[in-house]
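Visitor: Contents of start08.pdb (PDB, C-alpha atoms) are below:
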MODEL        1
ATOM      1  CA  MET A   1     -16.643 258.678  49.046
ATOM      2  CA  GLU A   2     -14.396 255.857  50.118
ATOM      3  CA  PHE A   3     -17.497 253.845  50.859
ATOM      4  CA  VAL A   4     -19.101 254.577  47.494
ATOM      5  CA  SER A   5     -16.062 253.620  45.488
ATOM      6  CA  ASN A   6     -15.761 250.427  47.488
ATOM      7  CA  PHE A   7     -19.428 249.753  46.896
ATOM      8  CA  PHE A   8     -19.062 249.943  43.129
ATOM      9  CA  SER A   9     -15.607 248.612  42.466
ATOM     10  CA  ASP A  10     -15.274 244.902  42.887
ATOM     11  CA  VAL A  11     -16.035 241.727  41.019
ATOM     12  CA  ALA A  12     -19.283 243.276  39.867
ATOM     13  CA  SER A  13     -17.433 245.539  37.469
ATOM     14  CA  GLN A  14     -16.486 242.550  35.388
ATOM     15  CA  PRO A  15     -18.328 242.289  32.077
ATOM     16  CA  VAL A  16     -19.165 238.677  32.911
ATOM     17  CA  PHE A  17     -21.363 239.838  35.756
ATOM     18  CA  TYR A  18     -23.271 242.222  33.515
ATOM     19  CA  LEU A  19     -23.737 239.582  30.833
ATOM     20  CA  LEU A  20     -25.008 237.083  33.393
ATOM     21  CA  SER A  21     -27.342 239.515  35.098
ATOM     22  CA  LEU A  22     -28.739 240.726  31.768
ATOM     23  CA  ALA A  23     -29.381 237.121  30.732
ATOM     24  CA  LEU A  24     -30.906 236.369  34.132
ATOM     25  CA  ILE A  25     -33.309 239.319  34.029
ATOM     26  CA  LEU A  26     -34.331 238.585  30.435
ATOM     27  CA  CYS A  27     -34.956 234.912  31.224
ATOM     28  CA  ALA A  28     -36.905 235.802  34.373
ATOM     29  CA  LEU A  29     -39.083 238.213  32.387
ATOM     30  CA  MET A  30     -39.709 235.475  29.846
ATOM     31  CA  VAL A  31     -40.667 233.079  32.655
ATOM     32  CA  VAL A  32     -43.361 235.391  33.958
ATOM     33  CA  THR A  33     -44.713 236.742  30.665
ATOM     34  CA  LEU A  34     -44.624 234.022  28.006
ATOM     35  CA  LYS A  35     -47.920 232.409  27.061
ATOM     36  CA  ASN A  36     -46.706 228.891  26.463
ATOM     37  CA  ILE A  37     -45.957 227.345  29.851
ATOM     38  CA  PHE A  38     -43.473 224.895  28.339
ATOM     39  CA  HIS A  39     -41.349 227.744  26.981
ATOM     40  CA  CYS A  40     -41.516 229.287  30.449
ATOM     41  CA  ALA A  41     -40.014 226.106  31.897
ATOM     42  CA  ILE A  42     -37.165 226.199  29.357
ATOM     43  CA  PHE A  43     -36.415 229.821  30.223
ATOM     44  CA  LEU A  44     -36.580 228.938  33.912
ATOM     45  CA  ILE A  45     -33.820 226.376  33.330
ATOM     46  CA  LEU A  46     -31.727 229.045  31.568
ATOM     47  CA  ALA A  47     -32.296 231.478  34.436
ATOM     48  CA  LEU A  48     -31.224 228.855  36.978
ATOM     49  CA  PHE A  49     -28.061 228.225  34.963
ATOM     50  CA  THR A  50     -27.181 231.919  35.007
ATOM     51  CA  VAL A  51     -27.703 231.950  38.779
ATOM     52  CA  ALA A  52     -25.193 229.102  38.990
ATOM     53  CA  GLY A  53     -22.790 231.299  37.015
ATOM     54  CA  LEU A  54     -23.322 234.108  39.520
ATOM     55  CA  TYR A  55     -22.479 231.708  42.350
ATOM     56  CA  ILE A  56     -19.202 230.893  40.633
ATOM     57  CA  LEU A  57     -18.460 234.623  40.357
ATOM     58  CA  LEU A  58     -19.088 234.850  44.105
ATOM     59  CA  HIS A  59     -16.648 231.997  44.825
ATOM     60  CA  ALA A  60     -19.385 229.581  45.872
ATOM     61  CA  GLU A  61     -18.393 226.713  43.626
ATOM     62  CA  PHE A  62     -20.094 223.994  45.628
ATOM     63  CA  LEU A  63     -23.318 225.967  45.689
ATOM     64  CA  ALA A  64     -23.110 226.355  41.911
ATOM     65  CA  ALA A  65     -22.818 222.589  41.584
ATOM     66  CA  VAL A  66     -25.751 222.129  43.966
ATOM     67  CA  GLN A  67     -27.745 224.635  41.939
ATOM     68  CA  VAL A  68     -27.119 222.769  38.698
ATOM     69  CA  LEU A  69     -27.791 219.358  40.232
ATOM     70  CA  ILE A  70     -30.901 220.147  42.263
ATOM     71  CA  TYR A  71     -32.550 223.013  40.393
ATOM     72  CA  VAL A  72     -31.607 222.323  36.806
ATOM     73  CA  GLY A  73     -31.456 218.577  37.204
ATOM     74  CA  ALA A  74     -34.330 217.837  39.546
ATOM     75  CA  VAL A  75     -36.746 220.708  40.082
ATOM     76  CA  SER A  76     -36.932 221.731  36.419
ATOM     77  CA  VAL A  77     -37.448 218.156  35.286
ATOM     78  CA  LEU A  78     -40.177 217.870  37.911
ATOM     79  CA  MET A  79     -41.807 221.032  36.525
ATOM     80  CA  ILE A  80     -41.653 219.702  32.970
ATOM     81  CA  PHE A  81     -43.122 216.387  34.141
ATOM     82  CA  ALA A  82     -45.981 218.227  35.807
ATOM     83  CA  ILE A  83     -46.580 220.318  32.689
ATOM     84  CA  MET A  84     -46.685 217.216  30.528
ATOM     85  CA  LEU A  85     -48.933 215.303  32.944
ATOM     86  CA  THR A  86     -51.417 218.144  32.985
ATOM     87  CA  SER A  87     -51.632 217.831  29.231
ATOM     88  CA  GLN A  88     -54.285 220.481  28.734
ATOM     89  CA  ILE A  89     -51.891 223.336  29.210
ATOM     90  CA  SER A  90     -48.754 222.158  27.470
ATOM     91  CA  SER A  91     -49.980 222.049  23.916
ATOM     92  CA  LYS A  92     -52.411 224.898  23.526
ATOM     93  CA  VAL A  93     -51.451 228.522  23.774
ATOM     94  CA  ILE A  94     -54.037 229.751  26.227
ATOM     95  CA  LYS A  95     -54.338 232.940  28.204
ATOM     96  CA  GLN A  96     -51.939 232.615  31.102
ATOM     97  CA  SER A  97     -52.340 235.858  32.993
ATOM     98  CA  ASN A  98     -55.345 237.015  34.927
ATOM     99  CA  GLU A  99     -56.997 240.395  34.981
ATOM    100  CA  GLN A 100     -54.910 241.799  37.840
ATOM    101  CA  SER A 101     -51.836 242.419  35.686
ATOM    102  CA  THR A 102     -51.763 246.178  36.247
ATOM    103  CA  VAL A 103     -52.211 245.847  40.005
ATOM    104  CA  ALA A 104     -49.517 243.188  40.093
ATOM    105  CA  PHE A 105     -47.209 245.393  38.047
ATOM    106  CA  VAL A 106     -47.746 248.305  40.432
ATOM    107  CA  ALA A 107     -47.099 246.055  43.450
ATOM    108  CA  ALA A 108     -43.936 244.591  41.969
ATOM    109  CA  PHE A 109     -42.762 248.051  40.917
ATOM    110  CA  PHE A 110     -43.285 249.436  44.405
ATOM    111  CA  PHE A 111     -41.412 246.507  45.900
ATOM    112  CA  LEU A 112     -38.590 247.128  43.431
ATOM    113  CA  ILE A 113     -38.372 250.829  44.299
ATOM    114  CA  ALA A 114     -38.541 250.133  48.034
ATOM    115  CA  SER A 115     -35.869 247.455  47.959
ATOM    116  CA  GLN A 116     -33.525 249.497  45.790
ATOM    117  CA  LEU A 117     -34.003 252.551  48.017
ATOM    118  CA  ALA A 118     -33.291 250.469  51.102
ATOM    119  CA  LEU A 119     -30.230 249.052  49.391
ATOM    120  CA  TRP A 120     -28.708 252.335  48.285
ATOM    121  CA  LYS A 121     -29.577 254.310  51.428
ATOM    122  CA  THR A 122     -28.113 251.819  53.870
ATOM    123  CA  LYS A 123     -24.505 252.110  54.940
ATOM    124  CA  TRP A 124     -23.216 248.578  54.637
ATOM    125  CA  ASN A 125     -20.289 247.503  56.733
ATOM    126  CA  ILE A 126     -18.608 246.223  53.639
ATOM    127  CA  GLY A 127     -15.357 244.479  53.073
ATOM    128  CA  GLU A 128     -14.376 241.506  51.012
ATOM    129  CA  VAL A 129     -14.115 238.412  53.189
ATOM    130  CA  GLU A 130     -11.314 235.966  52.693
ATOM    131  CA  LEU A 131     -13.208 232.830  51.800
ATOM    132  CA  PRO A 132     -11.349 229.615  52.560
ATOM    133  CA  GLU A 133      -9.428 228.185  49.669
ATOM    134  CA  LYS A 134     -10.978 224.730  49.955
ATOM    135  CA  ASN A 135     -14.584 225.765  49.868
ATOM    136  CA  ILE A 136     -16.158 222.314  49.841
ATOM    137  CA  LEU A 137     -13.932 221.055  52.647
ATOM    138  CA  SER A 138     -14.923 223.861  55.013
ATOM    139  CA  LEU A 139     -18.577 223.589  54.017
ATOM    140  CA  GLY A 140     -18.617 219.892  54.805
ATOM    141  CA  LYS A 141     -16.873 220.446  58.120
ATOM    142  CA  LEU A 142     -19.349 223.175  59.073
ATOM    143  CA  LEU A 143     -22.300 221.009  58.095
ATOM    144  CA  MET A 144     -21.038 218.178  60.269
ATOM    145  CA  THR A 145     -20.038 220.274  63.287
ATOM    146  CA  ASP A 146     -21.715 223.644  63.838
ATOM    147  CA  TYR A 147     -24.759 223.078  61.669
ATOM    148  CA  VAL A 148     -25.402 219.407  62.280
ATOM    149  CA  LEU A 149     -28.788 219.988  63.919
ATOM    150  CA  PRO A 150     -30.236 222.116  61.077
ATOM    151  CA  PHE A 151     -28.749 219.578  58.678
ATOM    152  CA  GLU A 152     -30.655 216.714  60.311
ATOM    153  CA  VAL A 153     -33.830 218.781  60.589
ATOM    154  CA  VAL A 154     -33.683 219.638  56.904
ATOM    155  CA  SER A 155     -33.157 215.997  55.976
ATOM    156  CA  ILE A 156     -36.238 215.045  58.017
ATOM    157  CA  LEU A 157     -38.138 217.828  56.220
ATOM    158  CA  LEU A 158     -37.078 216.381  52.886
ATOM    159  CA  LEU A 159     -38.201 212.911  53.959
ATOM    160  CA  ALA A 160     -41.538 214.309  55.113
ATOM    161  CA  ALA A 161     -41.985 216.114  51.787
ATOM    162  CA  LEU A 162     -41.175 212.900  49.931
ATOM    163  CA  ILE A 163     -43.716 210.856  51.886
ATOM    164  CA  GLY A 164     -46.270 213.671  51.645
ATOM    165  CA  ALA A 165     -45.896 213.869  47.874
ATOM    166  CA  VAL A 166     -46.303 210.103  47.534
ATOM    167  CA  VAL A 167     -49.407 210.101  49.740
ATOM    168  CA  LEU A 168     -50.893 213.071  47.873
ATOM    169  CA  ALA A 169     -50.266 211.794  44.380
ATOM    170  CA  ARG A 170     -51.414 208.216  45.090
ATOM    171  CA  ARG A 171     -54.713 207.273  43.523
ATOM    172  CA  GLU A 172     -57.551 206.656  45.927
ATOM    173  CA  GLY A 173     -58.385 203.036  46.570
ATOM    174  CA  SER A 174     -55.382 201.483  44.898
TER     175      SER A 174
ATOM    176  CA  MET B 175     -21.713 243.973  46.264
ATOM    177  CA  GLY B 176     -24.456 246.473  45.600
ATOM    178  CA  HIS B 177     -24.858 245.108  42.106
ATOM    179  CA  TYR B 178     -25.626 241.624  43.348
ATOM    180  CA  ILE B 179     -28.203 242.845  45.871
ATOM    181  CA  ALA B 180     -29.788 245.105  43.239
ATOM    182  CA  LEU B 181     -29.995 242.191  40.816
ATOM    183  CA  ALA B 182     -31.592 240.035  43.510
ATOM    184  CA  GLY B 183     -34.154 242.779  44.167
ATOM    185  CA  VAL B 184     -35.050 242.956  40.478
ATOM    186  CA  LEU B 185     -35.351 239.167  40.319
ATOM    187  CA  PHE B 186     -37.582 239.093  43.399
ATOM    188  CA  ALA B 187     -39.822 241.826  41.936
ATOM    189  CA  ILE B 188     -40.172 239.816  38.718
ATOM    190  CA  GLY B 189     -41.072 236.797  40.831
ATOM    191  CA  ILE B 190     -43.739 238.784  42.696
ATOM    192  CA  PHE B 191     -45.201 239.915  39.367
ATOM    193  CA  GLY B 192     -45.296 236.316  38.165
ATOM    194  CA  VAL B 193     -46.941 235.003  41.324
ATOM    195  CA  LEU B 194     -49.600 237.683  41.163
ATOM    196  CA  THR B 195     -50.421 237.419  37.476
ATOM    197  CA  ARG B 196     -50.211 233.730  36.612
ATOM    198  CA  ARG B 197     -53.468 231.848  36.316
ATOM    199  CA  ASN B 198     -51.706 228.547  36.145
ATOM    200  CA  ALA B 199     -50.539 226.860  39.344
ATOM    201  CA  ILE B 200     -47.327 225.581  37.744
ATOM    202  CA  GLY B 201     -46.537 229.094  36.553
ATOM    203  CA  ILE B 202     -46.914 230.316  40.124
ATOM    204  CA  LEU B 203     -44.524 227.613  41.342
ATOM    205  CA  MET B 204     -41.971 228.623  38.703
ATOM    206  CA  SER B 205     -42.170 232.260  39.796
ATOM    207  CA  LEU B 206     -41.679 231.086  43.375
ATOM    208  CA  GLU B 207     -38.468 229.379  42.322
ATOM    209  CA  LEU B 208     -37.268 232.711  40.906
ATOM    210  CA  MET B 209     -37.932 234.358  44.269
ATOM    211  CA  PHE B 210     -36.062 231.611  46.137
ATOM    212  CA  ASN B 211     -33.115 232.185  43.831
ATOM    213  CA  ALA B 212     -33.176 235.917  44.498
ATOM    214  CA  ALA B 213     -32.960 235.221  48.236
ATOM    215  CA  ASN B 214     -30.123 232.792  47.624
ATOM    216  CA  ILE B 215     -28.118 235.318  45.599
ATOM    217  CA  ASN B 216     -28.509 237.713  48.522
ATOM    218  CA  PHE B 217     -27.250 235.134  50.998
ATOM    219  CA  VAL B 218     -24.177 234.269  48.963
ATOM    220  CA  ALA B 219     -23.350 237.906  48.164
ATOM    221  CA  PHE B 220     -23.639 238.921  51.809
ATOM    222  CA  ASN B 221     -21.525 235.938  52.757
ATOM    223  CA  LYS B 222     -18.791 237.119  50.431
ATOM    224  CA  TYR B 223     -18.806 240.814  51.287
ATOM    225  CA  ILE B 224     -20.213 241.129  54.787
ATOM    226  CA  ALA B 225     -19.330 238.627  57.452
ATOM    227  CA  SER B 226     -18.676 238.885  61.146
ATOM    228  CA  SER B 227     -15.372 237.096  61.107
ATOM    229  CA  SER B 228     -13.270 236.161  58.139
ATOM    230  CA  GLY B 229     -13.494 232.696  56.748
ATOM    231  CA  THR B 230     -17.037 231.843  57.754
ATOM    232  CA  LEU B 231     -19.375 230.267  55.274
ATOM    233  CA  THR B 232     -22.663 230.749  57.107
ATOM    234  CA  GLY B 233     -24.374 232.378  54.134
ATOM    235  CA  GLN B 234     -23.517 229.504  51.831
ATOM    236  CA  ILE B 235     -24.699 226.941  54.402
ATOM    237  CA  PHE B 236     -28.045 228.687  54.647
ATOM    238  CA  ALA B 237     -28.241 228.934  50.860
ATOM    239  CA  ILE B 238     -27.871 225.143  50.736
ATOM    240  CA  PHE B 239     -30.677 224.777  53.280
ATOM    241  CA  ILE B 240     -32.857 227.095  51.180
ATOM    242  CA  VAL B 241     -32.195 224.986  48.097
ATOM    243  CA  VAL B 242     -33.318 221.876  50.004
ATOM    244  CA  VAL B 243     -36.431 223.576  51.328
ATOM    245  CA  ALA B 244     -37.240 224.872  47.829
ATOM    246  CA  ALA B 245     -36.922 221.364  46.434
ATOM    247  CA  ALA B 246     -39.279 220.024  49.125
ATOM    248  CA  GLU B 247     -41.715 222.845  48.383
ATOM    249  CA  ALA B 248     -41.639 222.105  44.663
ATOM    250  CA  VAL B 249     -42.257 218.397  45.270
ATOM    251  CA  VAL B 250     -45.259 218.925  47.546
ATOM    252  CA  GLY B 251     -46.580 221.780  45.392
ATOM    253  CA  LEU B 252     -46.478 219.749  42.200
ATOM    254  CA  ALA B 253     -48.124 216.773  43.937
ATOM    255  CA  ILE B 254     -50.952 219.086  45.000
ATOM    256  CA  VAL B 255     -51.147 220.467  41.444
ATOM    257  CA  LEU B 256     -51.496 216.945  40.039
ATOM    258  CA  LEU B 257     -54.196 216.162  42.588
ATOM    259  CA  ILE B 258     -56.097 219.338  41.692
ATOM    260  CA  TYR B 259     -55.758 218.549  38.003
ATOM    261  CA  ARG B 260     -57.220 215.093  38.632
ATOM    262  CA  ASN B 261     -60.222 216.512  40.467
ATOM    263  CA  TRP B 262     -60.913 219.687  38.467
ATOM    264  CA  LYS B 263     -59.542 218.757  35.029
ATOM    265  CA  GLY B 264     -57.566 221.994  35.039
ATOM    266  CA  ILE B 265     -55.204 224.005  37.208
ATOM    267  CA  ASP B 266     -56.403 227.569  36.725
ATOM    268  CA  VAL B 267     -56.142 229.081  40.167
ATOM    269  CA  ASP B 268     -59.015 231.480  39.555
ATOM    270  CA  ARG B 269     -61.357 228.556  39.053
ATOM    271  CA  ILE B 270     -60.160 226.763  42.190
ATOM    272  CA  ASN B 271     -61.861 228.889  44.803
ATOM    273  CA  ILE B 272     -63.615 226.456  47.124
ATOM    274  CA  MET B 273     -61.533 227.716  50.049
ATOM    275  CA  LYS B 274     -62.342 231.337  49.327
ATOM    276  CA  TRP B 275     -65.731 231.812  50.911
TER     277      TRP B 275
ENDMDL
END
Would you encode the structure as C-alpha cells?
Guide:
Amino acid sequence: MEFVSNFFSDVASQPVFYLLSLALILCALMVVTLKNIFHCAIFLILALFTVAGLYILLHAEFLAAVQVLIYVGAVSVLMIFAIMLTSQISSKVIKQSNEQSTVAFVAAFFFLIASQLALWKTKWNIGEVELPEKNILSLGKLLMTDYVLPFEVVSILLLAALIGAVVLARREGS
Amino acid sequence: MGHYIALAGVLFAIGIFGVLTRRNAIGILMSLELMFNAANINFVAFNKYIASSSGTLTGQIFAIFIVVVAAAEAVVGLAIVLLIYRNWKGIDVDRINIMKW
C-alpha cells in the first residue's frame, strides 16, 4: 500500500494539474472532432499551451519555454499558414472525417485501455528525483558535453528538413 | 506520476483517433503533433519521478530533441501538403491514392 499511496500522492493532487489536464483533453478532443479546420488549429494552440503548463508543474521550465516558442510560435503559425494557403478548406465547413470513424474509435479505445492497464499493472520504481536548481544551466552543460553528438545530428536533421522543404515547395521551372 | 502517464495515454489515444479519421492532410499533421506532445509529457514525467541517479536531466534532453524532430516533421509535411494541393487542387487523403495500388 506504500507504493499505491506514493503513486497517487504528489504534485498531481494539486487542483492545477486537474484543471490543466481537463483543458488539455477538451482541447485535444476539439482538435480531432471539429469540422472547421481553422478552429482546430486554434484549439491545437490552446492544447500546446496547456502542455507547457504541465511542463512547468513538472519543473521543466526551459522545456515549457521551448514548447511555447517552437510549438505555439512556429509550428502552429506554420499550420495556420498552410490552412490559409490551401484556401479551399479554410472557409467552407466541409465534411472532415472519413467513413472509418467507428473503426478508428474502437482502435483508439483499445489503445487507451491497453496503455492504462499497462500503466496501472506495472510496479514502477518510483521516487521523486531531486532536479537541479538551475535547470537551464545543467541542461546546457549536458547538451554541450554528454549529448553533443545527438545535438549536432539533430541540427543537421533540421538543416536537411529546411532545405528539403524549400526544394519541395519551390515552383517548377522558376 | 501515474496521473501524468495516464493523461499522456489519453492524449495519445485522441491523437490516434484523429490520425485515423481525418480526411484532411493538415488535420492529420495536427493530430500527429498531439501524439508527439503525449510522448513528451511521458518523457518529462519519467524524468521527474523515475531516474537512475539523482540530478540527471536525460528525459528533458530527449524531450527537446523530440520537439526539434517534430518541428522538422511539420515543416516537411506541410511542404508536401502544399505540393499536393498545387497538383490535386485539394488535400483530401482519400482522394490521393496513386501510391495505393
Visitor: Go through the shown structure with the PyMOL selection byres ((chain B) within 6 of (chain A)) and write out the matching residues as a compact mmCIF listing (two decimals) with C-alpha atoms, keeping the file's coordinate frame.
Guide:
# COMPACT_ATOMS: atom_id res chain seq x y z
CA ALA B 187 -39.82 241.83 41.94
CA ILE B 190 -43.74 238.78 42.70
CA PHE B 191 -45.20 239.92 39.37
CA GLY B 192 -45.30 236.32 38.16
CA LEU B 194 -49.60 237.68 41.16
CA THR B 195 -50.42 237.42 37.48
CA ARG B 196 -50.21 233.73 36.61
CA ARG B 197 -53.47 231.85 36.32
CA LYS B 222 -18.79 237.12 50.43
CA TYR B 223 -18.81 240.81 51.29
CA ILE B 224 -20.21 241.13 54.79
CA SER B 228 -13.27 236.16 58.14
CA GLY B 229 -13.49 232.70 56.75
CA ALA B 246 -39.28 220.02 49.12
CA VAL B 250 -45.26 218.92 47.55
CA ALA B 253 -48.12 216.77 43.94
Visitor: For the file shown, what are the residues hit by the PyMOL selection byres ((chain B and resi 208-215) around 7), laid out as a VMD selection string?
Guide: chain B and resid 182 to 183 185 to 186 189 204 to 207 216 to 219 237
Visitor: Can you work out the spacing between CA of Ile238 (chain B) and CA of Ala199 (chain B) in Å, to one decimal?
Guide: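 Interatomic distance, CA of Ile238 (chain B) to CA of Ala199 (chain B): 25.4 Å.
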Visitor: Any idea what's packed within 12 Å of Arg269 (chain B), counting all atoms listed in the file, ignoring anything in its chain fewer than 4 positions away? Could you give it as number ranges by chain?
Guide: A: 98; B: 197-199, 258-259, 262-265, 273-274
Visitor: Quick one, how far is CA of Leu46 (chain A) from CA of Ile254 (chain B)?
Guide: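 The value is 25.5 Å.
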Visitor: In Å, with one decimal, what is the gap from CA of Thr145 (chain A) to CA of Glu247 (chain B)?
Guide: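 CA of Glu247 (chain B) lies 26.4 Å from CA of Thr145 (chain A).
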Visitor: Nearest residue to Leu69 (chain A) out of B:Ile188, B:Ala245, B:Ala180, B:Met175, using only C-alpha atoms?
Guide: B:Ala245
